[in-house]
>>> print(open('query_8.cif').read())   # mmCIF, C-alpha atoms
data_my_file
#
loop_
_atom_site.label_atom_id
_atom_site.label_comp_id
_atom_site.auth_asym_id
_atom_site.auth_seq_id
_atom_site.Cartn_x
_atom_site.Cartn_y
_atom_site.Cartn_z
CA MET R 1 -4.43 -53.77 -9.89
CA THR R 2 -7.28 -52.30 -11.92
CA THR R 3 -9.24 -49.57 -10.12
CA SER R 4 -12.24 -47.37 -10.82
CA LEU R 5 -12.01 -43.78 -11.94
CA GLN R 6 -13.03 -42.57 -8.46
CA THR R 7 -10.17 -44.48 -6.86
CA GLN R 8 -7.77 -43.27 -9.54
CA LEU R 9 -8.71 -39.69 -8.67
CA ILE R 10 -7.35 -40.32 -5.16
CA HIS R 11 -4.57 -42.82 -5.85
CA ASN R 12 -2.52 -41.59 -8.80
CA ALA R 13 0.86 -43.11 -9.63
CA TYR R 14 2.44 -39.99 -11.09
CA GLU R 15 5.42 -38.53 -9.24
CA PRO R 16 7.12 -35.34 -10.49
CA PRO R 17 10.78 -35.65 -11.45
CA ALA R 18 13.31 -34.98 -8.72
CA GLY R 19 15.82 -32.15 -8.86
CA PHE R 20 13.59 -29.08 -8.80
CA ALA R 21 15.34 -26.14 -7.08
CA ALA R 22 14.25 -22.56 -6.39
CA PHE R 23 14.94 -19.87 -3.80
CA PRO R 24 11.63 -20.01 -1.87
CA THR R 25 11.17 -22.66 0.79
CA PRO R 26 8.43 -25.06 -0.36
CA ILE R 27 5.10 -24.92 1.46
CA HIS R 28 4.20 -28.32 2.88
CA HIS R 29 0.53 -28.59 3.85
CA ALA R 30 -0.21 -31.60 6.03
CA SER R 31 -2.24 -32.84 8.93
CA THR R 32 -1.65 -36.53 8.19
CA VAL R 33 1.99 -37.44 7.60
CA LEU R 34 2.62 -40.73 5.79
CA PHE R 35 5.05 -43.35 7.09
CA LYS R 36 7.02 -45.69 4.83
CA ASP R 37 5.88 -48.71 6.84
CA VAL R 38 4.65 -49.75 10.28
CA ALA R 39 8.19 -49.99 11.64
CA ALA R 40 8.84 -46.37 10.68
CA MET R 41 5.59 -45.33 12.35
CA ARG R 42 6.45 -47.11 15.58
CA SER R 43 10.01 -45.84 15.69
CA GLY R 44 9.13 -42.20 15.05
CA ASP R 45 9.40 -39.68 17.88
CA TRP R 46 7.55 -36.38 17.45
CA LYS R 47 10.23 -34.59 19.52
CA ASP R 48 12.91 -35.65 17.03
CA LYS R 49 13.28 -33.03 14.32
CA ASN R 50 14.87 -35.65 12.05
CA ALA R 51 11.50 -37.35 11.55
CA TYR R 52 7.93 -36.34 10.70
CA THR R 53 4.97 -37.78 12.60
CA TYR R 54 2.02 -35.39 12.36
CA GLY R 55 1.37 -31.97 10.88
CA LEU R 56 0.98 -30.36 14.31
CA HIS R 57 4.49 -31.47 15.22
CA GLY R 58 6.12 -29.99 12.15
CA THR R 59 6.73 -30.18 8.41
CA PRO R 60 9.80 -29.27 6.34
CA THR R 61 8.41 -25.72 6.11
CA THR R 62 8.10 -25.17 9.85
CA PHE R 63 11.32 -27.04 10.65
CA THR R 64 13.17 -24.72 8.27
CA LEU R 65 11.69 -21.63 9.92
CA GLU R 66 12.55 -22.93 13.39
CA ALA R 67 16.16 -23.58 12.39
CA ARG R 68 16.58 -20.14 10.87
CA LEU R 69 15.07 -18.36 13.87
CA ALA R 70 17.29 -20.31 16.27
CA ALA R 71 20.35 -19.33 14.21
CA ILE R 72 19.45 -15.61 14.41
CA GLU R 73 19.48 -15.82 18.22
CA ASP R 74 22.49 -18.19 18.28
CA GLY R 75 20.23 -20.78 19.90
CA GLN R 76 19.84 -24.50 19.30
CA PHE R 77 16.12 -25.24 19.48
CA CYS R 78 12.97 -23.37 18.44
CA LEU R 79 9.23 -23.97 18.84
CA LEU R 80 6.61 -22.04 16.89
CA ALA R 81 3.34 -20.80 18.38
CA PRO R 82 0.22 -19.18 16.87
CA SER R 83 1.09 -15.77 18.38
CA GLY R 84 3.55 -14.04 20.65
CA LEU R 85 1.14 -14.39 23.57
CA ALA R 86 0.73 -18.10 22.84
CA ALA R 87 4.52 -18.43 23.04
CA ILE R 88 4.50 -16.69 26.44
CA ALA R 89 1.72 -18.98 27.67
CA MET R 90 3.67 -22.04 26.50
CA VAL R 91 6.65 -20.99 28.62
CA ASP R 92 4.48 -20.40 31.70
CA PHE R 93 2.56 -23.66 31.45
CA ALA R 94 5.74 -25.63 30.76
CA LEU R 95 7.65 -24.31 33.75
CA LEU R 96 5.10 -23.32 36.41
CA LYS R 97 2.79 -25.36 38.62
CA SER R 98 0.57 -24.69 41.61
CA GLY R 99 2.63 -23.31 44.49
CA ASP R 100 5.31 -21.78 42.25
CA ASP R 101 6.17 -18.11 41.95
CA VAL R 102 6.92 -16.02 38.84
CA LEU R 103 8.38 -12.51 38.70
CA LEU R 104 7.43 -10.09 35.92
CA PRO R 105 8.68 -6.54 35.25
CA ASP R 106 6.14 -3.84 35.98
CA ASN R 107 6.46 -2.65 32.36
CA VAL R 108 5.61 -6.10 31.00
CA TYR R 109 3.58 -6.53 27.79
CA ASN R 110 0.05 -6.07 29.08
CA PRO R 111 -1.37 -9.44 27.90
CA ASN R 112 1.52 -11.10 29.77
CA ARG R 113 0.41 -9.17 32.87
CA GLU R 114 -3.13 -10.46 32.34
CA LEU R 115 -1.77 -13.99 31.99
CA GLY R 116 0.04 -13.54 35.31
CA ARG R 117 -3.21 -12.43 36.91
CA TRP R 118 -4.96 -15.53 35.53
CA LEU R 119 -2.21 -17.82 36.84
CA SER R 120 -2.64 -16.28 40.29
CA GLN R 121 -6.44 -16.46 40.34
CA ASP R 122 -7.05 -19.91 38.89
CA PHE R 123 -3.83 -21.94 38.95
CA GLY R 124 -2.25 -21.28 42.35
CA VAL R 125 0.84 -19.60 40.90
CA SER R 126 1.86 -16.35 42.59
CA ALA R 127 2.76 -13.62 40.07
CA ARG R 128 4.68 -10.64 41.45
CA TYR R 129 5.92 -7.53 39.69
CA TYR R 130 9.27 -5.80 40.00
CA ASP R 131 10.83 -2.48 39.02
CA PRO R 132 12.28 -3.10 35.53
CA LEU R 133 15.42 -1.16 36.50
CA ILE R 134 16.00 -3.15 39.69
CA GLY R 135 19.04 -4.98 38.29
CA ALA R 136 20.92 -7.02 40.88
CA GLY R 137 18.41 -5.86 43.48
CA ILE R 138 16.02 -8.52 42.24
CA ALA R 139 17.95 -10.90 44.49
CA GLN R 140 15.95 -9.45 47.39
CA LEU R 141 12.70 -10.54 45.73
CA MET R 142 13.68 -14.14 45.02
CA GLN R 143 11.82 -16.75 47.05
CA PRO R 144 12.47 -20.48 47.45
CA ASN R 145 9.50 -21.15 45.15
CA THR R 146 10.46 -18.59 42.46
CA ARG R 147 10.84 -20.67 39.32
CA LEU R 148 10.78 -18.09 36.52
CA VAL R 149 11.73 -14.46 35.97
CA TRP R 150 10.37 -12.68 32.90
CA THR R 151 12.28 -9.79 31.34
CA GLU R 152 11.63 -7.40 28.46
CA ALA R 153 14.34 -5.41 26.73
CA PRO R 154 13.16 -2.71 26.49
CA GLY R 155 9.85 -2.75 28.33
CA SER R 156 6.56 -2.59 26.55
CA VAL R 157 5.38 0.97 25.80
CA SER R 158 7.53 2.83 28.36
CA MET R 159 10.88 1.59 27.00
CA GLU R 160 12.97 1.05 30.15
CA VAL R 161 16.01 -1.11 29.36
CA PRO R 162 16.83 -3.63 32.11
CA ASP R 163 20.24 -4.79 33.30
CA LEU R 164 19.88 -8.29 31.89
CA PRO R 165 23.21 -9.77 33.10
CA ALA R 166 22.56 -8.62 36.67
CA ILE R 167 19.01 -9.98 36.72
CA CYS R 168 20.13 -13.29 35.22
CA ALA R 169 22.96 -13.70 37.72
CA ALA R 170 20.64 -13.10 40.67
CA ALA R 171 17.91 -15.38 39.32
CA HIS R 172 20.32 -18.21 38.57
CA ALA R 173 21.89 -17.92 42.01
CA ALA R 174 18.41 -18.53 43.44
CA GLY R 175 17.73 -21.46 41.09
CA ALA R 176 15.27 -19.70 38.78
CA LEU R 177 15.16 -19.56 35.00
CA VAL R 178 15.06 -16.29 33.05
CA ALA R 179 12.88 -15.74 29.99
CA LEU R 180 13.40 -12.73 27.72
CA ASP R 181 10.78 -11.14 25.49
CA ASN R 182 13.14 -10.08 22.72
CA THR R 183 10.47 -8.91 20.28
CA TRP R 184 11.70 -5.28 20.17
CA SER R 185 15.07 -6.22 18.66
CA ALA R 186 14.01 -9.40 16.81
CA GLY R 187 17.36 -10.93 17.79
CA LEU R 188 19.13 -8.46 15.51
CA ALA R 189 20.12 -5.78 18.01
CA LEU R 190 20.32 -8.03 21.08
CA ARG R 191 21.15 -11.70 21.53
CA GLY R 192 19.72 -12.73 24.85
CA PHE R 193 21.76 -15.87 25.44
CA GLU R 194 24.95 -13.81 25.37
CA HIS R 195 23.66 -11.90 28.40
CA GLY R 196 22.58 -14.89 30.47
CA VAL R 197 18.94 -15.63 29.68
CA ASP R 198 17.71 -19.21 29.40
CA ILE R 199 14.74 -18.71 27.08
CA VAL R 200 14.20 -16.18 24.29
CA MET R 201 10.65 -15.48 23.19
CA GLN R 202 9.72 -13.41 20.13
CA ALA R 203 6.52 -12.30 18.47
CA LEU R 204 7.17 -13.05 14.80
CA THR R 205 4.20 -10.81 14.03
CA LYS R 206 6.61 -7.86 13.92
CA TYR R 207 9.78 -7.44 11.86
CA GLN R 208 10.12 -11.11 10.94
CA SER R 209 7.05 -11.11 8.73
CA GLY R 210 7.21 -7.38 8.03
CA GLY R 211 3.84 -7.27 6.32
CA SER R 212 1.42 -6.60 9.20
CA ASP R 213 -0.44 -9.72 8.10
CA VAL R 214 0.87 -12.66 10.17
CA LEU R 215 0.37 -13.72 13.79
CA MET R 216 3.07 -16.04 15.13
CA GLY R 217 5.46 -16.50 18.04
CA ALA R 218 8.63 -18.42 18.79
CA VAL R 219 10.41 -19.81 21.84
CA ILE R 220 14.15 -20.41 21.45
CA THR R 221 16.51 -22.26 23.79
CA ARG R 222 19.98 -23.72 23.89
CA GLU R 223 19.54 -26.67 26.27
CA ARG R 224 17.94 -29.93 25.16
CA ALA R 225 16.29 -30.72 28.51
CA LEU R 226 14.69 -27.28 28.68
CA ASN R 227 13.49 -27.53 25.08
CA ASP R 228 11.94 -30.92 25.82
CA ARG R 229 9.93 -29.45 28.72
CA LEU R 230 8.70 -26.68 26.47
CA ALA R 231 7.96 -29.14 23.67
CA MET R 232 5.72 -31.18 25.98
CA ALA R 233 3.68 -28.06 26.78
CA HIS R 234 3.63 -27.19 23.08
CA MET R 235 2.19 -30.64 22.31
CA ARG R 236 -0.28 -30.72 25.20
CA LEU R 237 -1.64 -27.28 24.33
CA GLY R 238 -2.00 -28.32 20.69
CA MET R 239 -0.04 -25.36 19.35
CA GLY R 240 0.55 -25.26 15.63
CA VAL R 241 1.07 -22.72 12.85
CA SER R 242 -0.06 -22.86 9.24
CA ALA R 243 2.43 -23.67 6.52
CA ASP R 244 1.34 -20.58 4.59
CA ASP R 245 2.08 -18.30 7.56
CA ALA R 246 5.42 -20.00 8.14
CA TYR R 247 6.26 -19.36 4.48
CA LEU R 248 5.39 -15.66 4.83
CA VAL R 249 7.76 -15.33 7.79
CA LEU R 250 10.49 -17.22 5.93
CA ARG R 251 10.05 -14.86 2.99
CA GLY R 252 10.37 -11.86 5.29
CA LEU R 253 13.58 -13.01 6.96
CA SER R 254 15.71 -12.30 3.90
CA SER R 255 15.09 -8.57 4.09
CA MET R 256 14.56 -8.27 7.84
CA LYS R 257 17.96 -6.82 8.74
CA LEU R 258 17.79 -4.20 5.98
CA ARG R 259 14.27 -3.20 7.00
CA PHE R 260 15.20 -3.10 10.69
CA GLU R 261 18.09 -0.75 9.98
CA ALA R 262 15.85 1.50 7.85
CA HIS R 263 13.25 1.61 10.66
CA ASP R 264 16.03 2.44 13.12
CA ALA R 265 17.46 5.34 11.10
CA ALA R 266 14.07 6.89 10.43
CA ALA R 267 12.90 6.47 14.03
CA ARG R 268 15.97 8.21 15.44
CA LYS R 269 15.44 11.12 13.04
CA VAL R 270 11.76 11.47 13.95
CA ALA R 271 12.44 11.04 17.67
CA ALA R 272 15.15 13.73 17.60
CA TRP R 273 12.71 16.11 15.90
CA LEU R 274 10.04 15.41 18.51
CA LYS R 275 12.54 15.87 21.33
CA ALA R 276 13.08 19.47 20.20
CA ARG R 277 9.37 20.27 20.21
CA PRO R 278 7.96 22.26 23.16
CA GLU R 279 4.82 20.12 23.22
CA ILE R 280 6.86 17.02 24.16
CA ALA R 281 8.08 16.60 27.73
CA ARG R 282 10.02 13.34 27.26
CA VAL R 283 11.14 11.09 24.42
CA LEU R 284 11.43 7.47 25.51
CA HIS R 285 13.83 6.00 22.96
CA PRO R 286 16.48 3.57 24.32
CA ALA R 287 19.19 5.06 22.09
CA PHE R 288 18.69 8.50 23.69
CA ALA R 289 20.77 9.28 26.76
CA ASP R 290 17.84 10.32 28.96
CA CYS R 291 15.81 7.15 28.37
CA PRO R 292 15.69 5.00 31.54
CA GLY R 293 18.26 2.24 31.22
CA HIS R 294 20.07 3.86 28.28
CA ALA R 295 23.44 2.75 29.69
CA HIS R 296 22.26 -0.87 29.50
CA TRP R 297 21.13 -0.36 25.91
CA LYS R 298 24.49 1.17 24.99
CA ARG R 299 26.35 -1.73 26.59
CA ASP R 300 24.21 -4.63 25.33
CA PHE R 301 22.55 -3.57 22.07
CA THR R 302 23.86 -2.92 18.57
CA GLY R 303 20.82 -1.03 17.25
CA ALA R 304 17.26 0.00 17.91
CA GLY R 305 14.36 -0.27 15.47
CA GLY R 306 11.24 1.69 14.74
CA LEU R 307 9.43 1.71 18.10
CA PHE R 308 9.59 4.47 20.72
CA SER R 309 7.27 6.59 22.86
CA VAL R 310 6.86 10.23 23.85
CA VAL R 311 5.23 11.89 26.83
CA PHE R 312 3.35 15.10 26.10
CA ASP R 313 3.66 18.15 28.30
CA ALA R 314 1.18 17.91 31.17
CA ARG R 315 -0.66 21.01 29.99
CA TYR R 316 -2.23 18.99 27.18
CA SER R 317 -5.34 17.01 28.04
CA GLU R 318 -6.20 13.55 26.80
CA ALA R 319 -8.79 15.09 24.47
CA GLN R 320 -6.07 17.26 22.92
CA THR R 321 -3.61 14.42 22.41
CA ASP R 322 -6.43 12.29 21.00
CA ARG R 323 -7.11 15.08 18.50
CA PHE R 324 -3.42 15.07 17.59
CA VAL R 325 -3.50 11.31 16.97
CA ASP R 326 -6.72 11.52 14.96
CA SER R 327 -5.31 14.28 12.75
CA LEU R 328 -2.29 12.31 11.54
CA ALA R 329 -2.57 11.26 7.91
CA LEU R 330 0.40 8.90 7.53
CA PHE R 331 0.11 7.09 10.88
CA GLY R 332 -2.47 4.36 11.35
CA ILE R 333 -4.00 3.93 14.80
CA GLY R 334 -3.31 0.34 15.74
CA TYR R 335 -1.34 -2.09 17.88
CA SER R 336 1.80 -4.01 16.93
CA TRP R 337 4.72 -2.77 14.85
CA GLY R 338 7.41 -3.88 12.43
CA GLY R 339 5.48 -3.39 9.19
CA ALA R 340 6.04 -0.85 6.42
CA ASN R 341 3.27 1.45 7.68
CA SER R 342 3.80 3.86 10.55
CA LEU R 343 1.53 3.51 13.57
CA VAL R 344 0.54 5.61 16.56
CA MET R 345 -1.20 4.63 19.80
CA PRO R 346 -2.03 6.67 22.93
CA TYR R 347 -1.92 4.90 26.30
CA ARG R 348 -3.47 5.53 29.71
CA MET R 349 -0.35 4.74 31.70
CA GLN R 350 -1.82 5.36 35.16
CA ALA R 351 -4.17 2.43 34.55
CA MET R 352 -1.34 0.21 33.29
CA ARG R 353 1.46 0.98 35.74
CA LYS R 354 1.11 1.50 39.48
CA ALA R 355 4.42 3.38 39.70
CA TRP R 356 3.85 5.66 36.70
CA LYS R 357 4.53 9.28 37.71
CA ASP R 358 4.33 11.33 34.52
CA ALA R 359 1.23 13.51 34.35
CA GLY R 360 1.44 13.90 30.57
CA ILE R 361 -0.14 11.54 28.03
CA LEU R 362 2.12 8.84 26.58
CA VAL R 363 1.90 8.18 22.86
CA ARG R 364 3.79 5.34 21.19
CA PHE R 365 5.05 5.49 17.60
CA ASN R 366 6.08 2.78 15.19
CA ILE R 367 8.09 4.45 12.45
CA GLY R 368 7.57 2.54 9.24
CA LEU R 369 9.34 2.70 5.92
CA GLU R 370 7.86 5.97 4.66
CA ASP R 371 10.19 8.93 4.07
CA ALA R 372 11.10 10.34 7.48
CA ASP R 373 10.67 13.94 6.32
CA ASP R 374 7.11 13.19 5.24
CA LEU R 375 6.38 11.71 8.64
CA ILE R 376 7.84 14.77 10.37
CA ALA R 377 5.68 17.05 8.25
CA ASP R 378 2.62 15.02 9.23
CA LEU R 379 3.55 15.24 12.92
CA ALA R 380 4.04 18.99 12.60
CA GLN R 381 0.54 19.53 11.24
CA GLY R 382 -0.83 17.26 13.97
CA LEU R 383 0.92 19.19 16.73
CA ALA R 384 -0.46 22.42 15.29
CA ARG R 385 -3.94 21.09 16.07
CA LEU R 386 -3.28 20.59 19.78
#
>>> encode(input="query_8.cif", output="structure tokens")
Amino acid sequence: MTTSLQTQLIHNAYEPPAGFAAFPTPIHHASTVLFKDVAAMRSGDWKDKNAYTYGLHGTPTTFTLEARLAAIEDGQFCLLAPSGLAAIAMVDFALLKSGDDVLLPDNVYNPNRELGRWLSQDFGVSARYYDPLIGAGIAQLMQPNTRLVWTEAPGSVSMEVPDLPAICAAAHAAGALVALDNTWSAGLALRGFEHGVDIVMQALTKYQSGGSDVLMGAVITRERALNDRLAMAHMRLGMGVSADDAYLVLRGLSSMKLRFEAHDAAARKVAAWLKARPEIARVLHPAFADCPGHAHWKRDFTGAGGLFSVVFDARYSEAQTDRFVDSLALFGIGYSWGGANSLVMPYRMQAMRKAWKDAGILVRFNIGLEDADDLIADLAQGLARL
């Protein structure tokens, strides 16, 4: 059929030769996905990862990332979300309805706490908070309408490590599911399914991308029926990630374990130096014996990472610790972690945690990939300015 130049610009017969191979995963951009014929369109199921139906439901790029993330956690199914918080919201909206109850640790990631507050205020879901070190005692908090128990290992900012097997056993005995925020270990130092959890959530914004330039989350499961419930929420909420961002995370996975181990070694060295300083009252690093829940970390984990916190001696005011933070040259002031650059962030714990008892100011560190001795020297000059 003879066509005009304009039509030829859109409909071109050229196809590149098959057989091209390279290490990077190809980036497939698509909103519309083409079907071979009408029969293929009508037989396609967006929940079936063996077929493509629409860009929002997945492309070869995102399917590859999902499969690799599931393998890291020894899971079977994975769904990608635009951020870690979006992944948390997907779990809540998939599993909770009006009249249900959800339990969250008191040290929960603060946006997850805010989501719990929103569920309580506007959706008729009761959100209650428990001591992160409660262990088997959580059985006393389970109600007939408790459908979901959130866990973090360790907890956000304050680093308590929960007894995951005990919490899972109690929750399952009461008929509830357990979701784990496993962002801190990225599935490298802890595999949640081995300790009883039903759902593993991760913020891929951290070590997986490693470049401090990607927002993404993942929800990983082992059971088909549970994955299908999550997938329906994923579809109804219209969650999707860009192919370019998926590629960046895929590129980061190859070096993730090596980077994680380098973060871990440097962080332990810096934390040990801070622990010996008179200005520091407590070092909250799960690998240190005096960190709350350290015995659980020692039993369940194989490593740490770059994130830990310290509590300054109570004699130092917030203005003084702020001056310390501002004086650091190698630490950026910012949220998140897992990138090459070290970060520091002070927190007002009394406003975040009802049960917080320390009078000193808590400061969280992400130890990046700089030389640890250079970071220690920077911290020393900062402490001198207190």
>>> closest_residue(input="query_8.cif", among="R:Val38, R:Leu164, R:Leu204, R:Ile138", to="Gly252 in chain R", atoms="only C-alpha atoms")
R:Leu204
>>> residues_around(input="query_8.cif", residues="range 328-342 of chain R", least_positions_apart="2", cutoff="6 Å", atoms="all atoms listed in the file", output="ChimeraX atom specification")
/R:206-207,210-212,325-326,344-345,366-369,382
>>> residues_around(input="query_8.cif", residues="Thr32 in chain R", least_positions_apart="2", cutoff="9 Å", atoms="only C-alpha atoms", output="ChimeraX atom specification")
/R:30,34,53-55
>>> atom_distance(input="query_8.cif", atom1="CA of Gln76 in chain R", atom2="CA of Ala225 in chain R")
11.7 Å
>>> residues_around(input="query_8.cif", residues="Leu250 in chain R", least_positions_apart="6", cutoff="9 Å", atoms="all atoms listed in the file", output="MDAnalysis selection string")
chainID R and resid 24:25 61 64:65 68 208:209
>>> closest_atom_pairs(input="query_8.cif", of="range 142-197 of chain R", to="range 80-94 of chain R", cutoff="12 Å", atoms="only C-alpha atoms", output="Markdown table")
| residue | atom | partner | partner_atom | distance |
| --- | --- | --- | --- | --- |
| R:Arg147 | CA | R:Asp92 | CA | 9.9 |
| R:Leu148 | CA | R:Asp92 | CA | 8.3 |
| R:Val149 | CA | R:Asp92 | CA | 10.3 |
| R:Trp150 | CA | R:Ile88 | CA | 9.6 |
| R:Thr151 | CA | R:Ile88 | CA | 11.5 |
| R:Glu152 | CA | R:Ile88 | CA | 11.9 |
| R:Leu177 | CA | R:Val91 | CA | 10.7 |
| R:Val178 | CA | R:Val91 | CA | 10.6 |
| R:Ala179 | CA | R:Val91 | CA | 8.3 |
| R:Leu180 | CA | R:Ile88 | CA | 9.8 |
| R:Asp181 | CA | R:Ile88 | CA | 8.4 |
| R:Asn182 | CA | R:Gly84 | CA | 10.6 |
| R:Thr183 | CA | R:Gly84 | CA | 8.6 |
| R:Trp184 | CA | R:Gly84 | CA | 12.0 |
>>> write_last_selection(input="query_8.cif", atoms="C-alpha atoms", output="CSV table (one decimal), in the frame of the given file")
chain,number,residue,atom,x,y,z
R,147,ARG,CA,10.8,-20.7,39.3
R,148,LEU,CA,10.8,-18.1,36.5
R,149,VAL,CA,11.7,-14.5,36.0
R,150,TRP,CA,10.4,-12.7,32.9
R,151,THR,CA,12.3,-9.8,31.3
R,152,GLU,CA,11.6,-7.4,28.5
R,177,LEU,CA,15.2,-19.6,35.0
R,178,VAL,CA,15.1,-16.3,33.0
R,179,ALA,CA,12.9,-15.7,30.0
R,180,LEU,CA,13.4,-12.7,27.7
R,181,ASP,CA,10.8,-11.1,25.5
R,182,ASN,CA,13.1,-10.1,22.7
R,183,THR,CA,10.5,-8.9,20.3
R,184,TRP,CA,11.7,-5.3,20.2
>>> atom_distance(input="query_8.cif", atom1="CA of Ser185 in chain R", atom2="CA of Asp131 in chain R")
21.1 Å
>>> resolve_selection(input="query_8.cif", expression="the PyMOL selection byres ((chain R and resi 154-159) around 8)", output="PyMOL selection string")
chain R and resi 105+107-110+132+152-153+160-162+184+284-286+291-292+308-309+364
>>> residues_around(input="query_8.cif", residues="Asp122 in chain R", least_positions_apart="4", cutoff="12 Å", atoms="only C-alpha atoms", output="CSV table (one decimal) with C-alpha atoms, in the coordinates of the input")
chain,number,residue,atom,x,y,z
R,97,LYS,CA,2.8,-25.4,38.6
R,98,SER,CA,0.6,-24.7,41.6
R,99,GLY,CA,2.6,-23.3,44.5
R,115,LEU,CA,-1.8,-14.0,32.0
R,116,GLY,CA,0.0,-13.5,35.3
R,117,ARG,CA,-3.2,-12.4,36.9
R,118,TRP,CA,-5.0,-15.5,35.5
R,126,SER,CA,1.9,-16.4,42.6
R,127,ALA,CA,2.8,-13.6,40.1
>>> closest_residue(input="query_8.cif", among="R:Val200, R:Thr62, R:Leu248, R:Ala304", to="Phe260 in chain R", atoms="only C-alpha atoms")
R:Ala304
>>> build_atoms(input="query_8.cif", residues="range 344-363 of chain R", atoms="N, CA and C atoms", output="compact mmCIF listing (two decimals), keeping the file's coordinate frame")
# COMPACT_ATOMS: atom_id res chain seq x y z
N VAL R 344 0.55 4.78 15.37
CA VAL R 344 0.54 5.61 16.56
C VAL R 344 -0.52 5.07 17.51
N MET R 345 -0.24 5.14 18.82
CA MET R 345 -1.20 4.63 19.80
C MET R 345 -1.03 5.38 21.12
N PRO R 346 -2.10 6.04 21.61
CA PRO R 346 -2.03 6.67 22.93
C PRO R 346 -2.34 5.64 24.02
N TYR R 347 -1.72 5.83 25.19
CA TYR R 347 -1.92 4.90 26.30
C TYR R 347 -2.30 5.66 27.57
N ARG R 348 -3.13 5.02 28.38
CA ARG R 348 -3.47 5.53 29.71
C ARG R 348 -2.56 4.83 30.71
N MET R 349 -1.40 5.41 30.94
CA MET R 349 -0.35 4.74 31.70
C MET R 349 -0.71 4.56 33.17
N GLN R 350 -1.46 5.50 33.75
CA GLN R 350 -1.82 5.36 35.16
C GLN R 350 -2.62 4.10 35.40
N ALA R 351 -3.39 3.65 34.40
CA ALA R 351 -4.17 2.43 34.55
C ALA R 351 -3.31 1.19 34.32
N MET R 352 -2.19 1.34 33.63
CA MET R 352 -1.34 0.21 33.29
C MET R 352 -0.21 -0.02 34.30
N ARG R 353 0.28 1.06 34.88
CA ARG R 353 1.46 0.98 35.74
C ARG R 353 1.21 1.66 37.07
N LYS R 354 1.35 0.92 38.16
CA LYS R 354 1.11 1.50 39.48
C LYS R 354 2.12 2.59 39.81
N ALA R 355 3.35 2.44 39.33
CA ALA R 355 4.42 3.38 39.70
C ALA R 355 4.59 4.50 38.69
N TRP R 356 3.68 4.64 37.73
CA TRP R 356 3.85 5.66 36.70
C TRP R 356 3.62 7.04 37.29
N LYS R 357 4.57 7.97 37.08
CA LYS R 357 4.53 9.28 37.71
C LYS R 357 4.27 10.43 36.75
N ASP R 358 4.53 10.24 35.47
CA ASP R 358 4.33 11.33 34.52
C ASP R 358 2.86 11.72 34.44
N ALA R 359 2.61 13.02 34.47
CA ALA R 359 1.23 13.51 34.35
C ALA R 359 0.80 13.64 32.90
N GLY R 360 1.76 13.74 31.98
CA GLY R 360 1.44 13.90 30.57
C GLY R 360 1.00 12.60 29.93
N ILE R 361 0.36 12.70 28.77
CA ILE R 361 -0.14 11.54 28.03
C ILE R 361 1.00 10.89 27.25
N LEU R 362 1.12 9.58 27.35
CA LEU R 362 2.12 8.84 26.58
C LEU R 362 1.52 8.41 25.26
N VAL R 363 2.29 8.62 24.19
CA VAL R 363 1.90 8.18 22.86
C VAL R 363 3.06 7.39 22.27
